[in-house]
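S.K.: Structure incoming, see below.
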Amino acid sequence: MFDTLAQSAMGMMVVDKAHRVVWISEGYKQFLPALGRSEGEFVGRRVEEVVPNTLMAQVVDSGQPMLVDLLTNKAGTFLVSRLPLRDAAGAVIGALGLVLLDHPETTMQPLIGKFAQLQRELAAAREQLAAHLTQQRRPKYTLSSFAGASPQALEVKRQARRVAQTDSAVLLLGETGTGKELLAHGIHAASARAARPFVGVNIAAVPDSLLEAEFFGVAPGAYTGAERKGRDGKFRLAHGGTLFLDEIGDMPLPLQAKLLRVLQEHELEPLGSNEVLRVDVRVIAATSRDLAAMVADGRFRADLYYRLAVLPIRLPPLRERLSDLEALVEMACDDIARRSGMPAKPVSADALEWLAQRDWPGNVRELRNVLEQATLMTDDPVLEAVHFQGGGAAAAGSAAPATAAAAAPVPAQGVAPAAAAGPGFAALPASATSSASAPPPPRPAAPASFAPSAPTPGARWPDAAAVAPAEPPGPAGDEAPRPAAPERLGDAVATLERERILAALAATGGNKLAAARRLGIARATLYEKLRRLALPLR
């Protein structure tokens with residue numbers, strides 16, 4: 001059988017347990033000149049020394065056969081087979097190598113063609129996957145998204161454009177809600193790495209025990225429950241692009257030392273691995289804390305601080321650039337309308353004046369919250385100052401200006417104050433607030449309840465002209481002077497709203513749904529206005 005194999009194969013060799021060549025067939029000798037060896041220089045030498053790229057030693061050591069393989073060296077490309085040799089007890093004593101075909105690229109063209117096609121398809125699939133992952137991690141904003149034309153905003157954008165042209169680390173400093181993440185996106189979009197991934201991670205949102213794995217990745221089977229294929233960390237995902245480290249001041253001290261090594265050496269070791277991986281990442285860090293004070297207190301490494309603060313940029317709080325308020329409000333209202341599917345609601349000048357008097361400890365994020373709440377809680381087409389007053393989220397965290405309460409008009413004699421109305425609303429006539437206890441006049445008066453289910457016999461709602469309070473005559477029968485018209489736009493709007501609502505209720509006999517339809521508003525909006533104007537709800 002051995003002779004049959006030697007005659008069938010193009011060449012054959014035998015190696016012993018020490019990997020030395022002990023025999024070659026006559027057919028194998030034709031390959032010796034191409035290998036640069038004579039028979040005397042070939043037999044007796046270790047096989048890995050005389051046959052480049054051979055795996056015969058691996059077959060001897062493992063005892064596992066390699067039935068079909070491609071071997072390429074300076075003698076050419078060959079289709080080979082390798083089989084372990086065993087003694088009667090089953091112990092491996094060597095290996096047998098057979099050269100089945102030479103130049104398989106011609107003699108096995110169909111198989112080689114299919115193999116090459118699979119390799120091309122695999123490479124294309126990898127490229128598509130990489131492009132898909134990169135597309136998912138593209139920047140969402142540009143530097144133009146940082147709204148504002150104040151000197152402070154223009155200086156921030158000037159610095160951002162300058163640092164975008166470098167690969168040095170950037171440290172963004174500023175209070176919460178000032179737009180640090182938006183600016184990080186913009187710096188990446190303006191840099192030469194714009195086509196590569198932008199990966200962001202909020203350090204404060206990741207448990208300390210998982211931070212190392214999140215940053216540096218996990219080797220296959222590193223710990224119980226780890227994925228078999230391993231897991232890439234954020235540095236590997238951001239390779240070639242930008243890694244944004246938000247809330248860097250919350251990073252624990254042990255991890256700060258490892259981050260410093262990555263920033264200095266541009267290499268890392270995944271968790272559970274001894275392999276050192278090179279990474280090409282531009283780091284942008286952000287914090288709302290005072291890192292210099294934390295360094296002085298020993299809560300942040302000084303060497304890491306100096307490595308991160310190569311290019312520091314301070315973002316001013318909203319209270320320091322109130323000239324940008326109108327532009328920020330307009331941009332936020334447009335975005336709220338786009339996301340909610342509602343028409344954009346402009347903000348009146350009085351409302352802008354009221355917003356400008358606030359402290360804004362939450363900065364632009366708080367401003368957007370207040371605008372979104374006011375937009376969604378009213379059907380009015382224009383947002384007035386009254387829509388932002390009355391407590392709730394609009395007053396959280398900062399004091400409302402005291403000028404609004406001081407500007408409330410003093411009720412005149414015979415006029416009841418509108419207790420539930422905001423500042424700036426005209427007072428409600430006393431006759432309208434105490435109709436339940438007043439004796440009915442000769443002409444039918446308004447019922448105590450707006451509910452039409454049990455109306456007073458013969459009673460009807462007063463005409464719109466009857467809503468105004470009666471004015472006592474002046475001396476000698478002269479008419480009393482007419483009250484001055486409201487000076488503020490909000491007062492005039494409130495007075496007009498009250499008149500129209502009472503007229504609609506009078507025309508519909510107190511039916512809220514019919515009155516709301518008559519006014520062209522939702523019934524819920526009508527109830528809201530009744531409460532605001534201190535009108536009876538029933």
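Identifiers in this document derive from the order of the structure tokens: chains are assigned A, B, ..., residues are numbered from 1 separately in each chain, and ligands are numbered from 1 in order of occurrence.
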Within 10 Å of Val199 (chain A), counting only C-alpha atoms, which residues show up once you throw out same-chain ones fewer than 6 positions away? Write them as a PyMOL selection string, please.
M.R.: chain A and resi 134+136-139+185+234-239+241-245+283
S.K.: Could you pull the residues within 10 Å of Val382 (chain A), counting only C-alpha atoms, minus those fewer than 3 positions along the same chain, as a PyMOL selection string?
M.R.: chain A and resi 344-348+351+375+378-379+385+387
S.K.: Per DSSP on the backbone, filter region 33-86 of chain A down to the residues in helix (DSSP H, G or I) and report them as a PyMOL selection string.
M.R.: chain A and resi 33-35+39-42+47-50+56-62
S.K.: How would the residues just chosen look if you wrote them out with N, CA and C atoms as a short mmCIF file (atom, residue, chain, number, x, y, z; two decimals), in the first residue's frame?
M.R.:
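Output below, filename again_24.cif:
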data_model
loop_
_atom_site.label_atom_id
_atom_site.label_comp_id
_atom_site.auth_asym_id
_atom_site.auth_seq_id
_atom_site.Cartn_x
_atom_site.Cartn_y
_atom_site.Cartn_z
N PRO A 33 15.42 20.98 -6.36
CA PRO A 33 16.14 22.15 -6.91
C PRO A 33 15.40 23.46 -6.64
N ALA A 34 14.06 23.44 -6.75
CA ALA A 34 13.31 24.67 -6.50
C ALA A 34 13.39 25.08 -5.04
N LEU A 35 13.62 24.10 -4.15
CA LEU A 35 13.77 24.40 -2.73
C LEU A 35 15.22 24.77 -2.38
N GLU A 39 19.62 16.15 -2.12
CA GLU A 39 19.03 15.08 -1.30
C GLU A 39 19.77 14.94 0.01
N GLY A 40 21.08 15.08 -0.03
CA GLY A 40 21.86 14.96 1.20
C GLY A 40 21.60 16.10 2.16
N GLU A 41 21.31 17.25 1.63
CA GLU A 41 21.01 18.40 2.50
C GLU A 41 19.56 18.40 2.98
N PHE A 42 18.73 17.53 2.41
CA PHE A 42 17.30 17.52 2.72
C PHE A 42 16.97 16.47 3.76
N VAL A 47 11.96 19.25 9.19
CA VAL A 47 11.15 19.53 8.02
C VAL A 47 10.84 21.03 7.89
N GLU A 48 10.64 21.73 9.01
CA GLU A 48 10.33 23.15 8.94
C GLU A 48 11.51 23.98 8.47
N GLU A 49 12.75 23.39 8.52
CA GLU A 49 13.92 24.10 8.05
C GLU A 49 14.09 23.99 6.53
N VAL A 50 13.60 22.91 5.94
CA VAL A 50 13.84 22.68 4.51
C VAL A 50 12.60 22.90 3.66
N MET A 56 3.75 19.97 8.73
CA MET A 56 4.00 18.58 9.13
C MET A 56 4.27 18.48 10.62
N ALA A 57 5.01 19.43 11.18
CA ALA A 57 5.31 19.38 12.62
C ALA A 57 4.03 19.46 13.44
N GLN A 58 3.06 20.24 12.99
CA GLN A 58 1.80 20.35 13.72
C GLN A 58 1.04 19.04 13.70
N VAL A 59 1.10 18.30 12.58
CA VAL A 59 0.42 17.01 12.50
C VAL A 59 1.08 16.02 13.47
N VAL A 60 2.41 16.05 13.55
CA VAL A 60 3.11 15.15 14.47
C VAL A 60 2.75 15.47 15.92
N ASP A 61 2.74 16.72 16.25
CA ASP A 61 2.49 17.11 17.64
C ASP A 61 1.04 16.90 18.05
N SER A 62 0.09 17.14 17.14
CA SER A 62 -1.33 17.04 17.49
C SER A 62 -1.91 15.66 17.22
#
S.K.: Write out as a PyMOL selection string the set of residues from region 279-362 of chain A that DSSP, computed on the backbone, places in strand (DSSP E).
M.R.: chain A and resi 282-287+311-314
S.K.: Would you put the residues from that selection into a file with all heavy atoms, as an mmCIF file, in the first residue's frame?
M.R.:
data_model
loop_
_atom_site.group_PDB
_atom_site.id
_atom_site.type_symbol
_atom_site.label_atom_id
_atom_site.label_comp_id
_atom_site.auth_asym_id
_atom_site.auth_seq_id
_atom_site.Cartn_x
_atom_site.Cartn_y
_atom_site.Cartn_z
ATOM 1 N N ARG A 282 -9.369 60.064 18.376
ATOM 2 C CA ARG A 282 -9.288 61.424 18.891
ATOM 3 C C ARG A 282 -10.293 61.549 20.040
ATOM 4 O O ARG A 282 -11.474 61.227 19.879
ATOM 5 C CB ARG A 282 -9.654 62.409 17.777
ATOM 6 C CG ARG A 282 -9.212 63.851 18.054
ATOM 7 C CD ARG A 282 -10.273 64.714 18.627
ATOM 8 N NE ARG A 282 -9.766 66.067 18.824
ATOM 9 C CZ ARG A 282 -9.796 67.033 17.906
ATOM 10 N NH1 ARG A 282 -10.333 66.794 16.717
ATOM 11 N NH2 ARG A 282 -9.301 68.217 18.181
ATOM 12 N N VAL A 283 -9.862 61.997 21.200
ATOM 13 C CA VAL A 283 -10.694 62.037 22.401
ATOM 14 C C VAL A 283 -11.174 63.469 22.651
ATOM 15 O O VAL A 283 -10.375 64.412 22.636
ATOM 16 C CB VAL A 283 -9.933 61.507 23.630
ATOM 17 C CG1 VAL A 283 -10.743 61.720 24.903
ATOM 18 C CG2 VAL A 283 -9.614 60.028 23.451
ATOM 19 N N ILE A 284 -12.493 63.592 22.849
ATOM 20 C CA ILE A 284 -13.099 64.840 23.301
ATOM 21 C C ILE A 284 -13.799 64.540 24.625
ATOM 22 O O ILE A 284 -14.673 63.668 24.679
ATOM 23 C CB ILE A 284 -14.104 65.394 22.283
ATOM 24 C CG1 ILE A 284 -13.424 65.663 20.939
ATOM 25 C CG2 ILE A 284 -14.751 66.669 22.801
ATOM 26 C CD1 ILE A 284 -14.382 66.156 19.862
ATOM 27 N N ALA A 285 -13.408 65.219 25.679
ATOM 28 C CA ALA A 285 -13.999 65.005 26.999
ATOM 29 C C ALA A 285 -14.802 66.236 27.400
ATOM 30 O O ALA A 285 -14.550 67.345 26.925
ATOM 31 C CB ALA A 285 -12.917 64.725 28.041
ATOM 32 N N ALA A 286 -15.784 66.016 28.259
ATOM 33 C CA ALA A 286 -16.646 67.113 28.713
ATOM 34 C C ALA A 286 -17.005 66.891 30.177
ATOM 35 O O ALA A 286 -17.121 65.746 30.635
ATOM 36 C CB ALA A 286 -17.914 67.198 27.863
ATOM 37 N N THR A 287 -17.191 67.981 30.884
ATOM 38 C CA THR A 287 -17.589 67.890 32.290
ATOM 39 C C THR A 287 -18.202 69.210 32.722
ATOM 40 O O THR A 287 -17.882 70.277 32.178
ATOM 41 C CB THR A 287 -16.387 67.555 33.191
ATOM 42 O OG1 THR A 287 -16.835 67.411 34.541
ATOM 43 C CG2 THR A 287 -15.341 68.645 33.143
ATOM 44 N N LEU A 311 -6.559 71.280 24.711
ATOM 45 C CA LEU A 311 -7.330 72.334 24.042
ATOM 46 C C LEU A 311 -8.638 72.528 24.807
ATOM 47 O O LEU A 311 -9.675 71.983 24.443
ATOM 48 C CB LEU A 311 -7.612 71.947 22.584
ATOM 49 C CG LEU A 311 -6.374 71.748 21.698
ATOM 50 C CD1 LEU A 311 -6.781 71.145 20.359
ATOM 51 C CD2 LEU A 311 -5.652 73.069 21.480
ATOM 52 N N PRO A 312 -8.637 73.305 25.893
ATOM 53 C CA PRO A 312 -9.875 73.515 26.658
ATOM 54 C C PRO A 312 -10.757 74.580 26.007
ATOM 55 O O PRO A 312 -10.267 75.582 25.480
ATOM 56 C CB PRO A 312 -9.370 73.975 28.029
ATOM 57 C CG PRO A 312 -8.058 74.629 27.731
ATOM 58 C CD PRO A 312 -7.466 73.935 26.533
ATOM 59 N N ILE A 313 -12.056 74.342 26.038
ATOM 60 C CA ILE A 313 -13.043 75.302 25.537
ATOM 61 C C ILE A 313 -14.115 75.460 26.611
ATOM 62 O O ILE A 313 -14.726 74.466 27.023
ATOM 63 C CB ILE A 313 -13.678 74.847 24.213
ATOM 64 C CG1 ILE A 313 -12.627 74.703 23.120
ATOM 65 C CG2 ILE A 313 -14.749 75.843 23.764
ATOM 66 C CD1 ILE A 313 -13.191 74.218 21.797
ATOM 67 N N ARG A 314 -14.352 76.686 27.041
ATOM 68 C CA ARG A 314 -15.394 76.949 28.036
ATOM 69 C C ARG A 314 -16.653 77.422 27.329
ATOM 70 O O ARG A 314 -16.613 78.353 26.534
ATOM 71 C CB ARG A 314 -14.944 78.008 29.039
ATOM 72 C CG ARG A 314 -16.023 78.369 30.055
ATOM 73 C CD ARG A 314 -15.580 79.496 30.964
ATOM 74 N NE ARG A 314 -16.645 79.899 31.869
ATOM 75 C CZ ARG A 314 -17.586 80.798 31.570
ATOM 76 N NH1 ARG A 314 -17.578 81.389 30.368
ATOM 77 N NH2 ARG A 314 -18.525 81.108 32.444
#
S.K.: Please determine, counting only C-alpha atoms, which residue among A:Gln165, A:Gln159, A:Thr176, A:Thr142 has the shortest atom-to-atom distance to Pro361 (chain A).
M.R.: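 Using only C-alpha atoms, the shortest distance to Pro361 (chain A) belongs to A:Thr176.
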S.K.: Find the residues around Ala91 (chain A) up to 12 Å (only C-alpha atoms counted), leave out those fewer than 3 positions away in its own chain, and share them as a VMD selection string.
M.R.: chain A and resid 17 60 to 63 84 to 88 94 to 95
S.K.: Restricted to N, CA and C atoms, what would the selected residues look like written as a PDB file, in the first residue's frame?
M.R.:
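Contents of the output file selection_2.pdb:
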ATOM      1  N   LYS A  17       9.242  11.493  14.824  1.00  0.00           N
ATOM      2  CA  LYS A  17       8.612  12.219  15.923  1.00  0.00           C
ATOM      3  C   LYS A  17       9.366  13.502  16.256  1.00  0.00           C
ATOM      4  N   VAL A  60       2.412  16.047  13.555  1.00  0.00           N
ATOM      5  CA  VAL A  60       3.109  15.146  14.474  1.00  0.00           C
ATOM      6  C   VAL A  60       2.747  15.469  15.918  1.00  0.00           C
ATOM      7  N   ASP A  61       2.738  16.721  16.252  1.00  0.00           N
ATOM      8  CA  ASP A  61       2.486  17.115  17.645  1.00  0.00           C
ATOM      9  C   ASP A  61       1.038  16.903  18.054  1.00  0.00           C
ATOM     10  N   SER A  62       0.092  17.141  17.139  1.00  0.00           N
ATOM     11  CA  SER A  62      -1.330  17.035  17.493  1.00  0.00           C
ATOM     12  C   SER A  62      -1.913  15.659  17.218  1.00  0.00           C
ATOM     13  N   GLY A  63      -1.314  14.936  16.300  1.00  0.00           N
ATOM     14  CA  GLY A  63      -1.871  13.643  15.923  1.00  0.00           C
ATOM     15  C   GLY A  63      -3.116  13.749  15.069  1.00  0.00           C
ATOM     16  N   PRO A  84      -0.901  11.477  10.181  1.00  0.00           N
ATOM     17  CA  PRO A  84      -0.020  11.017  11.276  1.00  0.00           C
ATOM     18  C   PRO A  84       0.260   9.514  11.142  1.00  0.00           C
ATOM     19  N   LEU A  85       1.453   9.073  11.551  1.00  0.00           N
ATOM     20  CA  LEU A  85       1.826   7.649  11.564  1.00  0.00           C
ATOM     21  C   LEU A  85       1.866   7.170  13.008  1.00  0.00           C
ATOM     22  N   ARG A  86       1.264   6.004  13.259  1.00  0.00           N
ATOM     23  CA  ARG A  86       1.168   5.482  14.617  1.00  0.00           C
ATOM     24  C   ARG A  86       1.750   4.079  14.673  1.00  0.00           C
ATOM     25  N   ASP A  87       2.199   3.719  15.900  1.00  0.00           N
ATOM     26  CA  ASP A  87       2.688   2.352  16.099  1.00  0.00           C
ATOM     27  C   ASP A  87       1.549   1.452  16.496  1.00  0.00           C
ATOM     28  N   ALA A  88       1.875   0.227  16.819  1.00  0.00           N
ATOM     29  CA  ALA A  88       0.837  -0.752  17.154  1.00  0.00           C
ATOM     30  C   ALA A  88       0.049  -0.339  18.386  1.00  0.00           C
ATOM     31  N   GLY A  94       5.394   9.653  13.864  1.00  0.00           N
ATOM     32  CA  GLY A  94       5.828  10.490  12.763  1.00  0.00           C
ATOM     33  C   GLY A  94       4.639  10.930  11.933  1.00  0.00           C
ATOM     34  N   ALA A  95       4.937  11.340  10.690  1.00  0.00           N
ATOM     35  CA  ALA A  95       3.871  11.801   9.799  1.00  0.00           C
ATOM     36  C   ALA A  95       4.266  11.537   8.355  1.00  0.00           C
TER      37      ALA A  95
END
S.K.: Could you list, as a list in words, every residue within 10 Å of Val43 (chain A), counting only C-alpha atoms and ignoring same-chain residues fewer than 6 positions away?
M.R.: Met13, Val14, Val15, Arg20, Val21, Val22, Trp23, Ile24, Arg37 and Val50 of chain A
S.K.: Mind dumping the selected residues with N, CA, C and O atoms as a PDB file, in the first residue's frame?
M.R.:
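Everything below was put into again_33.pdb:
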ATOM      1  N   MET A  13       6.849  12.227   1.441  1.00  0.00           N
ATOM      2  CA  MET A  13       7.936  12.281   2.424  1.00  0.00           C
ATOM      3  C   MET A  13       7.429  11.713   3.736  1.00  0.00           C
ATOM      4  O   MET A  13       6.228  11.670   4.012  1.00  0.00           O
ATOM      5  N   VAL A  14       8.404  11.271   4.588  1.00  0.00           N
ATOM      6  CA  VAL A  14       8.109  10.758   5.914  1.00  0.00           C
ATOM      7  C   VAL A  14       9.017  11.490   6.895  1.00  0.00           C
ATOM      8  O   VAL A  14      10.234  11.635   6.645  1.00  0.00           O
ATOM      9  N   VAL A  15       8.408  11.948   8.013  1.00  0.00           N
ATOM     10  CA  VAL A  15       9.175  12.581   9.089  1.00  0.00           C
ATOM     11  C   VAL A  15       8.968  11.783  10.359  1.00  0.00           C
ATOM     12  O   VAL A  15       7.948  11.092  10.528  1.00  0.00           O
ATOM     13  N   ARG A  20      12.224  15.307  11.938  1.00  0.00           N
ATOM     14  CA  ARG A  20      13.289  15.165  10.951  1.00  0.00           C
ATOM     15  C   ARG A  20      12.792  14.366   9.756  1.00  0.00           C
ATOM     16  O   ARG A  20      12.057  13.382   9.914  1.00  0.00           O
ATOM     17  N   VAL A  21      13.230  14.762   8.542  1.00  0.00           N
ATOM     18  CA  VAL A  21      12.869  14.045   7.320  1.00  0.00           C
ATOM     19  C   VAL A  21      13.684  12.753   7.261  1.00  0.00           C
ATOM     20  O   VAL A  21      14.928  12.798   7.289  1.00  0.00           O
ATOM     21  N   VAL A  22      13.003  11.620   7.201  1.00  0.00           N
ATOM     22  CA  VAL A  22      13.708  10.321   7.184  1.00  0.00           C
ATOM     23  C   VAL A  22      13.643   9.650   5.819  1.00  0.00           C
ATOM     24  O   VAL A  22      14.452   8.742   5.533  1.00  0.00           O
ATOM     25  N   TRP A  23      12.716  10.117   4.952  1.00  0.00           N
ATOM     26  CA  TRP A  23      12.614   9.475   3.626  1.00  0.00           C
ATOM     27  C   TRP A  23      11.811  10.366   2.696  1.00  0.00           C
ATOM     28  O   TRP A  23      10.856  11.032   3.122  1.00  0.00           O
ATOM     29  N   ILE A  24      12.214  10.394   1.410  1.00  0.00           N
ATOM     30  CA  ILE A  24      11.439  11.067   0.369  1.00  0.00           C
ATOM     31  C   ILE A  24      11.357  10.132  -0.825  1.00  0.00           C
ATOM     32  O   ILE A  24      12.275   9.318  -1.082  1.00  0.00           O
ATOM     33  N   ARG A  37      17.862  22.686  -2.357  1.00  0.00           N
ATOM     34  CA  ARG A  37      18.487  21.658  -1.538  1.00  0.00           C
ATOM     35  C   ARG A  37      18.832  20.446  -2.412  1.00  0.00           C
ATOM     36  O   ARG A  37      18.151  20.137  -3.391  1.00  0.00           O
ATOM     37  N   VAL A  50      13.595  22.910   5.942  1.00  0.00           N
ATOM     38  CA  VAL A  50      13.844  22.683   4.514  1.00  0.00           C
ATOM     39  C   VAL A  50      12.597  22.896   3.656  1.00  0.00           C
ATOM     40  O   VAL A  50      12.725  23.066   2.434  1.00  0.00           O
TER      41      VAL A  50
END
S.K.: Using only C-alpha atoms, which of the listed residues (A:Leu101, A:Arg278, A:Leu96, A:Ser38) sits closest to Ser8 (chain A)?
M.R.: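 For Ser8 (chain A), the nearest of the given residues is A:Leu101.
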